[in-house]
Protein chains: 4
Amino acid sequence: MKIGIHKIAMAAPDDVTGLQRLLSSGEIAADKIVALIGKTEGNGGANDFTRGYATLAFKLLLSSQLGVTLDEIARRVAFVWSGGTEGVLSPHATVFTRSDGQGGGTEPRLTLGIAETRVLAPEEVGTMTHVRETASAVARARLQAGISNSRDVHYVQVKGPLLTPAAIADADARSVNVVTRDPNGSKVFARGAMGLGVALALGEVNEADLGDGVIGRRLDLYSSVASTSCGGELKTCEVLLFGNAPGADSDFRIGHGVLKDVIDAEGVRLALASAGLDLTAGPPAPGEIAAVFAKAEASPTGRVRGWRNTMLSDADINYERHARAALGAVIASVTGDPAIFVSGGTEHQCAPGEAPIAAIVRCRT
Amino acid sequence: MKIGIHKIAMAAPDDVTGLQRLLSSGEIAADKIVALIGKTEGNGGANDFTRGYATLAFKLLLSSQLGVTLDEIARRVAFVWSGGTEGVLSPHATVFTRSDGQGGGTEPRLTLGIAETRVLAPEEVGTMTHVRETASAVARARLQAGISNSRDVHYVQVKGPLLTPAAIADADARSVNVVTRDPNGSKVFARGAMGLGVALALGEVNEADLGDGVIGRRLDLYSSVASTSCGGELKTCEVLLFGNAPGADSDFRIGHGVLKDVIDAEGVRLALASAGLDLTAGPPAPGEIAAVFAKAEASPTGRVRGWRNTMLSDADINYERHARAALGAVIASVTGDPAIFVSGGTEHQCAPGEAPIAAIVRCRT
Amino acid sequence: MKIGIHKIAMAAPDDVTGLQRLLSSGEIAADKIVALIGKTEGNGGANDFTRGYATLAFKLLLSSQLGVTLDEIARRVAFVWSGGTEGVLSPHATVFTRSDGQGGGTEPRLTLGIAETRVLAPEEVGTMTHVRETASAVARARLQAGISNSRDVHYVQVKGPLLTPAAIADADARSVNVVTRDPNGSKVFARGAMGLGVALALGEVNEADLGDGVIGRRLDLYSSVASTSCGGELKTCEVLLFGNAPGADSDFRIGHGVLKDVIDAEGVRLALASAGLDLTAGPPAPGEIAAVFAKAEASPTGRVRGWRNTMLSDADINYERHARAALGAVIASVTGDPAIFVSGGTEHQCAPGEAPIAAIVRCRT
Amino acid sequence: MKIGIHKIAMAAPDDVTGLQRLLSSGEIAADKIVALIGKTEGNGGANDFTRGYATLAFKLLLSSQLGVTLDEIARRVAFVWSGGTEGVLSPHATVFTRSDGQGGGTEPRLTLGIAETRVLAPEEVGTMTHVRETASAVARARLQAGISNSRDVHYVQVKGPLLTPAAIADADARSVNVVTRDPNGSKVFARGAMGLGVALALGEVNEADLGDGVIGRRLDLYSSVASTSCGGELKTCEVLLFGNAPGADSDFRIGHGVLKDVIDAEGVRLALASAGLDLTAGPPAPGEIAAVFAKAEASPTGRVRGWRNTMLSDADINYERHARAALGAVIASVTGDPAIFVSGGTEHQCAPGEAPIAAIVRCRT
């Protein structure tokens with residue numbers, strides 16, 4: 001398996017010209033595209049429609065290129081958008097292609113598996129059903145990626161549904177319960193369930209410790225490589241599992257680390273080192289860092305390095321926006337590149353207050 | 001002259017307990033306090049009242065401690081607050097004391113001069129009158145600080161009035177013009193006039209190049225050590241001029257640098273080095289960095305390191321808040337300390353897109 | 001008992017000049033002031049400090065006028081501020097004086113009782129203790145107001161503590177539980193407990209139906225005359241109970257109504273009619289409407305008059321701000337006066353989706 | 001000419017199911033649709049992408065129904081979206097169809113003309129070129145509508161481009177000037193130019209009084225029937241001109257009025273009366289009010305009915321959002337219908353502080 005990676009700038013959520021150019025020039029073959037992961041310039045909240053807009057725009061482009069329906073594109077390509085380009089974060093998409101390759105060497109190289117759950121009903125969002133469906137999809141994605149040792153899994157991106165007002169109304173109409181009636185508040189449970197799903201699939205938690213009541217609450221149960229997000233436009237959970245495997249002949253290697261807080265520049269450097277890039281030997285070559293994925297979170301103690309933090313009490317700007325602005329700037333100050341995937345909400349993704357970071361680096365050899 | 005520096009945390013804009021403890025313990029003598037510079041957790045805009053609230057609270061404390069009126073405290077102590085603790089920035093105050101000292105050595109050490117302009121009328125805000133009154137106050141402050149070479153001036157903080165709706169109404173009632181009718185928009189002209197005032201006083205610009213029409217417009221005219229802010233609660237401009245002078249016997253030294261953009265971590269390190277702290281030799285000792293003052297700005301090109309930036313087109317969050325969140329996090333990632341003075345708006349303070357940063361460091365010897 | 005009412009404009013949260021003028025002219029005697037109820041131009045959220053700032057400013061004025069300490073003013077005068085002047089709502093304070101009067105007639109006239117609970121610990125906020133302490137204070141206030149029939153109680157304003165980050169930290173330090181760890185989210189429980197406290201005191205609910213678990217949840221339990229708010233600056237609950245009583249010789253009468261939704265202009269007219277003002281006979285005379293107090297709420301069904309409403313899914317602007325903007329404009333369109341007390345959050349105050357409104361009208365005779 | 005009107009609810013910017021149902025049931029023929037005017041749930045600012053998203057979604061539906069390209073739909077149908085559903089405003093679209101009709105009577109009935117300018121370059125936005133191109137399109141639209149007397153023109157909706165960061169960059173690349181470098185600030189000039197264009201076309205201003213310098217400045221020059229908006233997704237100006245003409249056989253009549261401020265409920269009633277609906281005779285029948293279009297504006301004096309207004313000094317919420325929330329609620333309180341087209345910004349549309357309102361009412365006979 002050979003994974004290709006291209007990062008394109010976006011002038012607006014529906015700006016597909018970057019991909020258009022890569023397709024026109026032949027740098028990318030449309031039928032090899034398996035995933036797009038990107039940031040859009042919305043507010044990142046329940047009423048952020050820039051994600052759906054970007055998905056529609058890219059689906060239209062690929063549908064016209066490949067001569068297939070929009071639905072067929074949705075089946076072929078996983079779209080993962082995080083809304084909110086606070087601070088220096090820049091709207092962009094990272095396009096992943098997958099082809100058979102010609103057989104790699106023994107050195108583990110980047111590999112990618114993709115899977116999707118069934119449609120989840122509103123009453124299942126944020127429950128153990130959400131956990132289990134996620135876990136099952138993660139297992140399928142890992143199998144597809146050809147990763148036998150779970151330590152070689154470095155990043156599992158899961159994106160799934162939250163509770164929109166429409167979803168809550170639907171549940172009401174059928175007289176079934178939902179985990180919360182607050183659309184923005186439902187993100188905690190949705191992201192949490194998917195984080196636990198990854199942890200369950202990779203053996204990071206015991207199934208006996210899980211239950212509806214622990215989701216979003218028992219935060220000592222977590223995955224160290226999960227990154228989960230949710231959006232009102234989704235009905236299923238999409239899983240993208242990245243790792244390294246011998247035999248893959250990608251030009252890239254992935255690594256991961258744990259950020260102790262949103263100003264942990266050293267944690268950023270360690271994640272890059274885990275992927276094989278040593279910054280103490282000098283700055284990265286242009287394009288050497290292919291992608292960085294990280295999660296940003298408000299400090300659960302209300303303190304950062306001992307000083308009081310006001311993210312959680314700010315009624316004007318959601319704490320996720322503060323956290324993304326801070327971490328995005330810190331990562332960019334290390335890598336020199338503001339086109340980073342930083343998304344909010346770390347429920348059951350690393351220990352409370354910590355956050356996952358993964359980096360994909362082009363191999364020098 | 002001996003300058004003392006104490007940084008205190010604040011649990012709210014009116015939380016003076018940190019200073020109260022320092023006064024009770026005798027660490028600080030109330031009558032030696034000459035300035036407080038801090039961050040409050042408001043929005044940093046024209047309707048941010050946390051600055052006035054903090055000033056009133058500290059004036060009440062000092063008035064009661066010293067047995068003098070609130071007005072007398074206002075004459076004795078310069079209060080400089082910047083609203084907006086985005087990202088990791090933490091509400092705090094840095095308390096500056098000044099005493100005669102016992103005569104320092106030949107090595108230049110931290111010194112501080114303070115001066116104030118007369119009350120500015122609404123129609124003078126953002127005009128050449130604003131520039132000249134500021135320049136005159138800067139000259140007085142420098143004299144007081146005992147700095148003969150303008151290269152030894154490293155940081156000039158100026159805070160003055162903007163155009164509140166009330167100020168505009170007052171001008172209207174007297175049928176005089178104001179530079180703009182937009183309260184938030186007036187900050188550009190007010191900060192710009194004060195930046196040019198510093199530049200004029202320190203010989204960084206020629207008076208012949210100045211005029212009402214260049215304020216906020218000819219941004220190639222600037223000071224490299226000015227940091228100006230404005231607030232609706234102010235009528236005069238307060239100038240705090242920091243530098244190093246032989247004969248001062250402070251325990252501190254100040255330096256400055258220029259940030260190329262809001263993720264310029266190397267610029268932060270260079271400013272610290274200019275103050276005598278070499279981070280390549282290891283992390284700073286606790287308390288070694290006494291204070292960092294910096295300005296944050298949206299990129300005037302709309303790009304950061306080549307990637308599109310969305311600060312200026314965000315209608316939900318003001319670009320200054322984005323910029324402070326980003327830069328505050330980057331500085332804290334270098335120093336490990338989120339209690340930093342980062343304020344917004346760099347009109348005529350460094351070249352367009354660049355921003356000043358100053359650091360006060362405790363001398364190791 | 002004779003209640004006097006004066007409404008003053010405020011140019012900023014600390015603008016006390018309106019009251020100063022009334023004191024200087026002798027229109028109000030400082031020692032007769034018992035309450036100030038007003039709106040300040042903050043965001044109305046957990047980090048809205050304009051309320052505390054206004055309180056401090058007015059306490060300073062009255063302290064200097066009466067020659068007593070700030071603490072003594074706090075004991076004498078109840079301050080009730082609601083932050084957030086969205087739409088047309090105008091920052092203002094309504095000053096209530098109370099004097100013995102000379103004995104009124106048999107026609108019921110405005111009367112006012114004030115009481116305060118003890119300090120509530122963080123772990124008591126939003127619990128049955130909060131309910132019971134409120135109920136007990138309401139009973140004392142009613143006794144003071146001299147109202148024997150609970151139907152003559154038209155408006156009970158209660159303001160009390162919420163859970164600030166500091167309060168939560170305090171609870172953590174003592175290893176006790178709080179009802180929620182989300183400062184903004186704690187408002188639901190705090191306001192709800194106080195609403196149930198009023199309902200309990202006035203016999204609108206049975207004590208047997210109450211318990212910690214119903215607060216903020218069993219919304220079919222409610223008071224029709226309660227208006228509760230909370231703020232981070234408060235430690236106790238202050239109760240202001242307004243009604244009509246024979247023997248009072250105020251120039252005013254109070255009435256109340258129920259708003260079916262935030263565009264219920266007819267509900268506004270009915271509340272005015274309940275206070276004796278018939279708008280079908282022509283517009284009110286200037287000053288005839290002395291004060292209007294109302295609560296604004298997002299529709300719990302997500303619909304207003306059958307059309308979808310987006311307040312609850314907006315991640316940029318809190319739903320309370322949307323609701324206050326809408327209701328404030330509708331009330332002002334009926335009365336012609338934007339200086340109205342409209343505050344957010346109706347937990348246990350009227351049936352879900354409905355909201356209380358009270359009006360004080362100057363008697364024509 | 002016969003104009004048909006259908007109002008559909010939208011559950012999201014891309015929710016076209018309401019129109020789908022009307023097409024499936026045969027209530028509307030897709031090829032008769034000439035315009036959609038609606039509100040989307042964005043922030044209404046320069047980074048509001050909900051308008052473009054809605055346009056794309058409806059174009060896709062109609063393209064698939066009619067078997068023509070997306071570009072052909074764009075040529076056939078005018079899409080006018082205003083972002084921002086503050087307060088009670090509800091996301092919706094009003095669909096206008098136009099057919100030949102069978103010849104109406106002598107009583108003037110609703111008629112509609114549509115025209116479009118050429119593509120405007122960034123350097124033309126907000127200039128006299130923008131004014132003249134708009135005026136020329138208005139004249140063409142009026143001819144198409146068959147309105148001989150300009151008094152029978154009641155509503156002219158114009159939507160055109162603003163200066164996006166991309167547009168400014170494009171101008172920079174070609175070394176040409178733009179009227180402002182602030183994307184949000186460009187709306188003043190863009191809306192103003194289009195307002196003056198309508199006034200010029202209808203003889204409400206003299207061409208001799210116009211010039212680049214008056215746009216957004218000489219606000220005593222205005223149209224009383226213009227409603228102009230702008231969005232980053234537009235390159236041309238689209239004009240929709242509504243009026244009454246004898247011979248039209250629509251079931252509707254249009255009227256207009258002027259709102260003195262955002263709480264002018266009487267102005268709403270007068271606009272309805274101008275369209276033939278007398279609310280003093282009882283509430284409207286369901287569906288009797290087919291559409292209401294209004295503009296909302298912050299008071300230029302900073303006062304509403306003598307009381308200070310804080311819209312313009314609020315750094316958290318744009319004043320347009322405050323104004324729309326207030327006016328939308330007031331109109332809905334009169335009509336009982338929150339699906340209203342209320343958009344912000346009245347530069348050169350009615351006298352300063354005033355705003356246009358138009359209503360389309362189903363004729364009872």
# chains A, B, ... in the order shown; residues from 1 in each chain; ligands from 1
call {"tool": "closest_atom_pairs", "arguments": {"of": "chain C", "to": "chain A", "cutoff": "9 Å", "atoms": "only C-alpha atoms", "output": "tab-separated table"}}
result
residue	atom	partner	partner_atom	distance
C:Asn43	CA	A:Ala315	CA	7.1
C:Gly44	CA	A:Ala315	CA	8.1
C:Gly45	CA	A:Ala315	CA	5.2
C:Ala46	CA	A:Ser313	CA	5.9
C:Asn47	CA	A:Asp314	CA	5.8
C:Asp48	CA	A:Ala315	CA	8.2
C:Thr164	CA	A:Ser313	CA	7.7
C:Pro165	CA	A:Gly302	CA	7.1
C:Ala169	CA	A:Thr301	CA	8.1
C:Asp182	CA	A:Leu312	CA	7.5
C:Pro183	CA	A:Ser313	CA	6.1
C:Asn184	CA	A:Ser313	CA	6.7
C:Thr301	CA	A:Ala169	CA	8.1
C:Gly302	CA	A:Pro165	CA	7.2
C:Thr310	CA	A:Asn47	CA	8.7
C:Leu312	CA	A:Pro183	CA	7.3
C:Ser313	CA	A:Asn47	CA	5.8
C:Asp314	CA	A:Asn47	CA	5.8
C:Ala315	CA	A:Gly45	CA	5.2
C:Asp316	CA	A:Ile317	CA	7.0
C:Ile317	CA	A:Asp316	CA	7.0
C:Asn318	CA	A:Ala315	CA	7.4
call {"tool": "write_last_selection", "arguments": {"atoms": "N, CA and C atoms", "output": "PDB file, in the first residue's frame"}}
result
ATOM      1  N   ASN C  43     -21.997  41.205  29.114  1.00  0.00           N
ATOM      2  CA  ASN C  43     -22.503  40.128  28.256  1.00  0.00           C
ATOM      3  C   ASN C  43     -23.531  39.261  28.965  1.00  0.00           C
ATOM      4  N   GLY C  44     -23.747  39.514  30.247  1.00  0.00           N
ATOM      5  CA  GLY C  44     -24.741  38.754  30.979  1.00  0.00           C
ATOM      6  C   GLY C  44     -24.292  37.355  31.367  1.00  0.00           C
ATOM      7  N   GLY C  45     -23.044  37.017  31.054  1.00  0.00           N
ATOM      8  CA  GLY C  45     -22.553  35.675  31.333  1.00  0.00           C
ATOM      9  C   GLY C  45     -21.755  35.605  32.620  1.00  0.00           C
ATOM     10  N   ALA C  46     -21.120  34.460  32.831  1.00  0.00           N
ATOM     11  CA  ALA C  46     -20.374  34.251  34.072  1.00  0.00           C
ATOM     12  C   ALA C  46     -19.195  35.216  34.188  1.00  0.00           C
ATOM     13  N   ASN C  47     -18.707  35.714  33.095  1.00  0.00           N
ATOM     14  CA  ASN C  47     -17.585  36.674  33.146  1.00  0.00           C
ATOM     15  C   ASN C  47     -18.046  38.115  32.895  1.00  0.00           C
ATOM     16  N   ASP C  48     -19.274  38.414  33.300  1.00  0.00           N
ATOM     17  CA  ASP C  48     -19.771  39.789  33.189  1.00  0.00           C
ATOM     18  C   ASP C  48     -19.483  40.508  34.511  1.00  0.00           C
ATOM     19  N   THR C 164     -18.754  30.074  40.193  1.00  0.00           N
ATOM     20  CA  THR C 164     -17.599  30.606  39.465  1.00  0.00           C
ATOM     21  C   THR C 164     -16.483  29.562  39.476  1.00  0.00           C
ATOM     22  N   PRO C 165     -15.502  29.709  38.594  1.00  0.00           N
ATOM     23  CA  PRO C 165     -14.350  28.806  38.673  1.00  0.00           C
ATOM     24  C   PRO C 165     -13.735  28.818  40.078  1.00  0.00           C
ATOM     25  N   ALA C 169     -13.296  25.655  42.534  1.00  0.00           N
ATOM     26  CA  ALA C 169     -11.983  25.320  43.096  1.00  0.00           C
ATOM     27  C   ALA C 169     -12.063  25.201  44.620  1.00  0.00           C
ATOM     28  N   ASP C 182     -19.463  23.447  35.162  1.00  0.00           N
ATOM     29  CA  ASP C 182     -19.484  24.426  34.075  1.00  0.00           C
ATOM     30  C   ASP C 182     -20.044  25.746  34.608  1.00  0.00           C
ATOM     31  N   PRO C 183     -19.191  26.780  34.723  1.00  0.00           N
ATOM     32  CA  PRO C 183     -19.667  28.045  35.309  1.00  0.00           C
ATOM     33  C   PRO C 183     -20.906  28.599  34.615  1.00  0.00           C
ATOM     34  N   ASN C 184     -20.900  28.683  33.279  1.00  0.00           N
ATOM     35  CA  ASN C 184     -22.096  29.192  32.615  1.00  0.00           C
ATOM     36  C   ASN C 184     -23.279  28.249  32.830  1.00  0.00           C
ATOM     37  N   THR C 301     -39.176  24.475  22.620  1.00  0.00           N
ATOM     38  CA  THR C 301     -39.500  23.580  21.497  1.00  0.00           C
ATOM     39  C   THR C 301     -38.618  23.869  20.290  1.00  0.00           C
ATOM     40  N   GLY C 302     -37.812  24.935  20.353  1.00  0.00           N
ATOM     41  CA  GLY C 302     -37.034  25.283  19.170  1.00  0.00           C
ATOM     42  C   GLY C 302     -37.887  25.948  18.105  1.00  0.00           C
ATOM     43  N   THR C 310     -33.351  29.583  15.993  1.00  0.00           N
ATOM     44  CA  THR C 310     -31.962  29.134  16.015  1.00  0.00           C
ATOM     45  C   THR C 310     -31.186  29.588  17.251  1.00  0.00           C
ATOM     46  N   LEU C 312     -30.875  28.409  20.221  1.00  0.00           N
ATOM     47  CA  LEU C 312     -30.207  27.391  21.025  1.00  0.00           C
ATOM     48  C   LEU C 312     -29.041  26.730  20.294  1.00  0.00           C
ATOM     49  N   SER C 313     -29.005  26.830  18.988  1.00  0.00           N
ATOM     50  CA  SER C 313     -27.884  26.199  18.271  1.00  0.00           C
ATOM     51  C   SER C 313     -26.830  27.207  17.840  1.00  0.00           C
ATOM     52  N   ASP C 314     -26.967  28.448  18.253  1.00  0.00           N
ATOM     53  CA  ASP C 314     -25.982  29.461  17.871  1.00  0.00           C
ATOM     54  C   ASP C 314     -24.782  29.389  18.815  1.00  0.00           C
ATOM     55  N   ALA C 315     -23.622  29.031  18.261  1.00  0.00           N
ATOM     56  CA  ALA C 315     -22.414  28.921  19.087  1.00  0.00           C
ATOM     57  C   ALA C 315     -21.689  30.261  19.228  1.00  0.00           C
ATOM     58  N   ASP C 316     -22.135  31.288  18.531  1.00  0.00           N
ATOM     59  CA  ASP C 316     -21.479  32.596  18.617  1.00  0.00           C
ATOM     60  C   ASP C 316     -22.122  33.511  19.660  1.00  0.00           C
ATOM     61  N   ILE C 317     -23.441  33.479  19.737  1.00  0.00           N
ATOM     62  CA  ILE C 317     -24.169  34.363  20.649  1.00  0.00           C
ATOM     63  C   ILE C 317     -25.034  33.491  21.550  1.00  0.00           C
ATOM     64  N   ASN C 318     -24.882  33.664  22.856  1.00  0.00           N
ATOM     65  CA  ASN C 318     -25.652  32.884  23.807  1.00  0.00           C
ATOM     66  C   ASN C 318     -27.149  33.121  23.610  1.00  0.00           C
TER      67      ASN C 318
END
call {"tool": "residues_around", "arguments": {"residues": "A:Glu266", "least_positions_apart": "4", "cutoff": "10 Å", "atoms": "only C-alpha atoms", "output": "list in words"}}
result
Val258, Leu259, Lys260, Leu270, Ala271, Leu272, Val330, Ile331 and Val334 of chain A; Ser333 and Val334 of chain B
call {"tool": "select_by_dssp", "arguments": {"residues": "stretch 86-126 of chain C", "states": "strand (DSSP E)", "output": "PyMOL selection string"}}
result
chain C and resi 92-99+109-116
call {"tool": "select_by_dssp", "arguments": {"residues": "stretch 20-152 of chain B", "states": "helix (DSSP H, G or I)", "output": "ChimeraX atom specification"}}
result
/B:20-24,30-32,50-66,70-76,122-124,128-145,150-152
call {"tool": "residues_around", "arguments": {"residues": "C:Arg321", "least_positions_apart": "4", "cutoff": "7 Å", "atoms": "only C-alpha atoms", "output": "mmCIF file with all heavy atoms, in the first residue's frame"}}
result
data_model
loop_
_atom_site.group_PDB
_atom_site.id
_atom_site.type_symbol
_atom_site.label_atom_id
_atom_site.label_comp_id
_atom_site.auth_asym_id
_atom_site.auth_seq_id
_atom_site.Cartn_x
_atom_site.Cartn_y
_atom_site.Cartn_z
ATOM 1 N N GLY C 84 -26.310 42.778 30.164
ATOM 2 C CA GLY C 84 -26.751 42.483 28.796
ATOM 3 C C GLY C 84 -27.798 43.435 28.297
ATOM 4 O O GLY C 84 -28.969 43.284 28.604
ATOM 5 N N GLU C 86 -28.888 43.968 25.084
ATOM 6 C CA GLU C 86 -28.989 43.595 23.684
ATOM 7 C C GLU C 86 -30.122 44.362 22.992
ATOM 8 O O GLU C 86 -31.099 44.733 23.618
ATOM 9 C CB GLU C 86 -29.230 42.087 23.569
ATOM 10 C CG GLU C 86 -28.089 41.243 24.122
ATOM 11 C CD GLU C 86 -28.160 41.073 25.638
ATOM 12 O OE1 GLU C 86 -29.158 41.492 26.256
ATOM 13 O OE2 GLU C 86 -27.200 40.505 26.194
ATOM 14 N N ILE C 317 -23.441 33.479 19.737
ATOM 15 C CA ILE C 317 -24.169 34.363 20.649
ATOM 16 C C ILE C 317 -25.034 33.491 21.550
ATOM 17 O O ILE C 317 -25.824 32.682 21.068
ATOM 18 C CB ILE C 317 -25.064 35.349 19.874
ATOM 19 C CG1 ILE C 317 -24.226 36.192 18.899
ATOM 20 C CG2 ILE C 317 -25.851 36.235 20.820
ATOM 21 C CD1 ILE C 317 -25.047 37.192 18.090
ATOM 22 N N ALA C 325 -32.696 40.430 23.478
ATOM 23 C CA ALA C 325 -32.794 41.395 22.373
ATOM 24 C C ALA C 325 -34.214 41.422 21.816
ATOM 25 O O ALA C 325 -34.782 42.491 21.559
ATOM 26 C CB ALA C 325 -31.800 41.032 21.271
#
call {"tool": "atom_distance", "arguments": {"atom1": "atom CA of C:Arg51", "atom2": "atom CA of C:Gln65"}}
result
21.3 Å
call {"tool": "closest_residue", "arguments": {"among": "D:Ala137, D:Leu219, D:Ile263, D:Leu202", "to": "D:Glu238", "atoms": "only C-alpha atoms"}}
result
D:Ala137
call {"tool": "residues_around", "arguments": {"residues": "stretch 113-118 of chain C", "least_positions_apart": "4", "cutoff": "8 Å", "atoms": "only C-alpha atoms", "output": "list of chain:residue names"}}
result
C:Ala78, C:Glu133, C:Thr134, C:Ser136, C:Ala137, C:Val138, C:Arg140, C:Ala141, C:Arg142, C:Leu143, C:Gln144, C:Ala145, C:Gly146, C:Thr236, C:Cys237, C:Glu238, C:Val239, C:Leu240, C:Leu241, C:Phe242
call {"tool": "atom_distance", "arguments": {"atom1": "atom CA of B:Pro161", "atom2": "atom CA of B:Val119"}}
result
9.1 Å
call {"tool": "residues_around", "arguments": {"residues": "A:Gly195", "least_positions_apart": "4", "cutoff": "8 Å", "atoms": "only C-alpha atoms", "output": "ChimeraX atom specification"}}
result
/A:131,191,199,222-223,226-228,347-349
call {"tool": "write_last_selection", "arguments": {"atoms": "all heavy atoms", "output": "tab-separated table (two decimals), in the first residue's frame"}}
result
chain	number	residue	atom	x	y	z
A	131	VAL	N	-20.24	3.83	21.29
A	131	VAL	CA	-18.91	3.31	21.61
A	131	VAL	C	-18.64	2.03	20.81
A	131	VAL	O	-17.60	1.89	20.15
A	131	VAL	CB	-18.79	3.01	23.12
A	131	VAL	CG1	-17.47	2.29	23.43
A	131	VAL	CG2	-18.91	4.29	23.94
A	191	ARG	N	-18.21	13.02	21.19
A	191	ARG	CA	-16.76	12.84	21.07
A	191	ARG	C	-16.27	11.80	22.07
A	191	ARG	O	-15.37	11.00	21.77
A	191	ARG	CB	-16.04	14.17	21.31
A	191	ARG	CG	-16.22	15.14	20.17
A	191	ARG	CD	-15.37	16.38	20.37
A	191	ARG	NE	-15.65	17.06	21.63
A	191	ARG	CZ	-15.94	18.35	21.75
A	191	ARG	NH1	-15.98	19.13	20.69
A	191	ARG	NH2	-16.17	18.87	22.92
A	199	ALA	N	-10.43	3.46	22.12
A	199	ALA	CA	-9.71	2.84	23.24
A	199	ALA	C	-10.09	1.37	23.39
A	199	ALA	O	-9.23	0.51	23.64
A	199	ALA	CB	-10.01	3.62	24.53
A	222	TYR	N	-9.28	6.26	28.60
A	222	TYR	CA	-9.04	7.03	27.38
A	222	TYR	C	-8.14	6.29	26.40
A	222	TYR	O	-7.49	5.30	26.75
A	222	TYR	CB	-8.42	8.39	27.70
A	222	TYR	CG	-7.11	8.31	28.45
A	222	TYR	CD1	-5.90	8.10	27.78
A	222	TYR	CD2	-7.08	8.46	29.83
A	222	TYR	CE1	-4.71	8.03	28.47
A	222	TYR	CE2	-5.89	8.40	30.54
A	222	TYR	CZ	-4.71	8.18	29.86
A	222	TYR	OH	-3.53	8.11	30.54
A	223	SER	N	-8.14	6.81	25.17
A	223	SER	CA	-7.19	6.37	24.15
A	223	SER	C	-6.13	7.44	23.99
A	223	SER	O	-6.41	8.63	24.11
A	223	SER	CB	-7.91	6.18	22.81
A	223	SER	OG	-6.95	6.04	21.77
A	226	ALA	N	-6.56	8.53	19.78
A	226	ALA	CA	-7.85	8.90	19.18
A	226	ALA	C	-7.97	10.40	19.03
A	226	ALA	O	-7.49	11.16	19.86
A	226	ALA	CB	-8.98	8.38	20.05
A	227	SER	N	-8.63	10.81	17.96
A	227	SER	CA	-9.00	12.21	17.77
A	227	SER	C	-10.40	12.18	17.21
A	227	SER	O	-10.62	11.76	16.08
A	227	SER	CB	-8.04	12.87	16.78
A	227	SER	OG	-8.55	14.14	16.41
A	228	THR	N	-11.35	12.61	18.01
A	228	THR	CA	-12.74	12.49	17.57
A	228	THR	C	-13.39	13.86	17.50
A	228	THR	O	-13.07	14.77	18.25
A	228	THR	CB	-13.54	11.58	18.55
A	228	THR	OG1	-13.75	12.30	19.77
A	228	THR	CG2	-12.79	10.30	18.85
A	347	GLU	N	-12.45	14.67	25.14
A	347	GLU	CA	-13.07	13.71	26.04
A	347	GLU	C	-12.60	12.29	25.71
A	347	GLU	O	-12.79	11.81	24.60
A	347	GLU	CB	-14.60	13.79	25.93
A	347	GLU	CG	-15.18	15.15	26.26
A	347	GLU	CD	-15.10	16.16	25.10
A	347	GLU	OE1	-14.63	15.77	24.02
A	347	GLU	OE2	-15.49	17.31	25.31
A	348	HIS	N	-12.02	11.61	26.69
A	348	HIS	CA	-11.53	10.24	26.54
A	348	HIS	C	-10.44	10.12	25.47
A	348	HIS	O	-10.22	9.05	24.90
A	348	HIS	CB	-12.67	9.26	26.24
A	348	HIS	CG	-13.76	9.30	27.27
A	348	HIS	ND1	-13.56	8.94	28.58
A	348	HIS	CD2	-15.07	9.69	27.19
A	348	HIS	CE1	-14.70	9.08	29.25
A	348	HIS	NE2	-15.61	9.54	28.44
A	349	GLN	N	-9.80	11.24	25.17
A	349	GLN	CA	-8.65	11.22	24.24
A	349	GLN	C	-7.48	11.77	25.06
A	349	GLN	O	-7.40	12.96	25.29
A	349	GLN	CB	-8.94	12.10	23.02
A	349	GLN	CG	-10.21	11.68	22.25
A	349	GLN	CD	-10.86	12.86	21.57
A	349	GLN	OE1	-10.26	13.50	20.73
A	349	GLN	NE2	-12.10	13.14	21.95
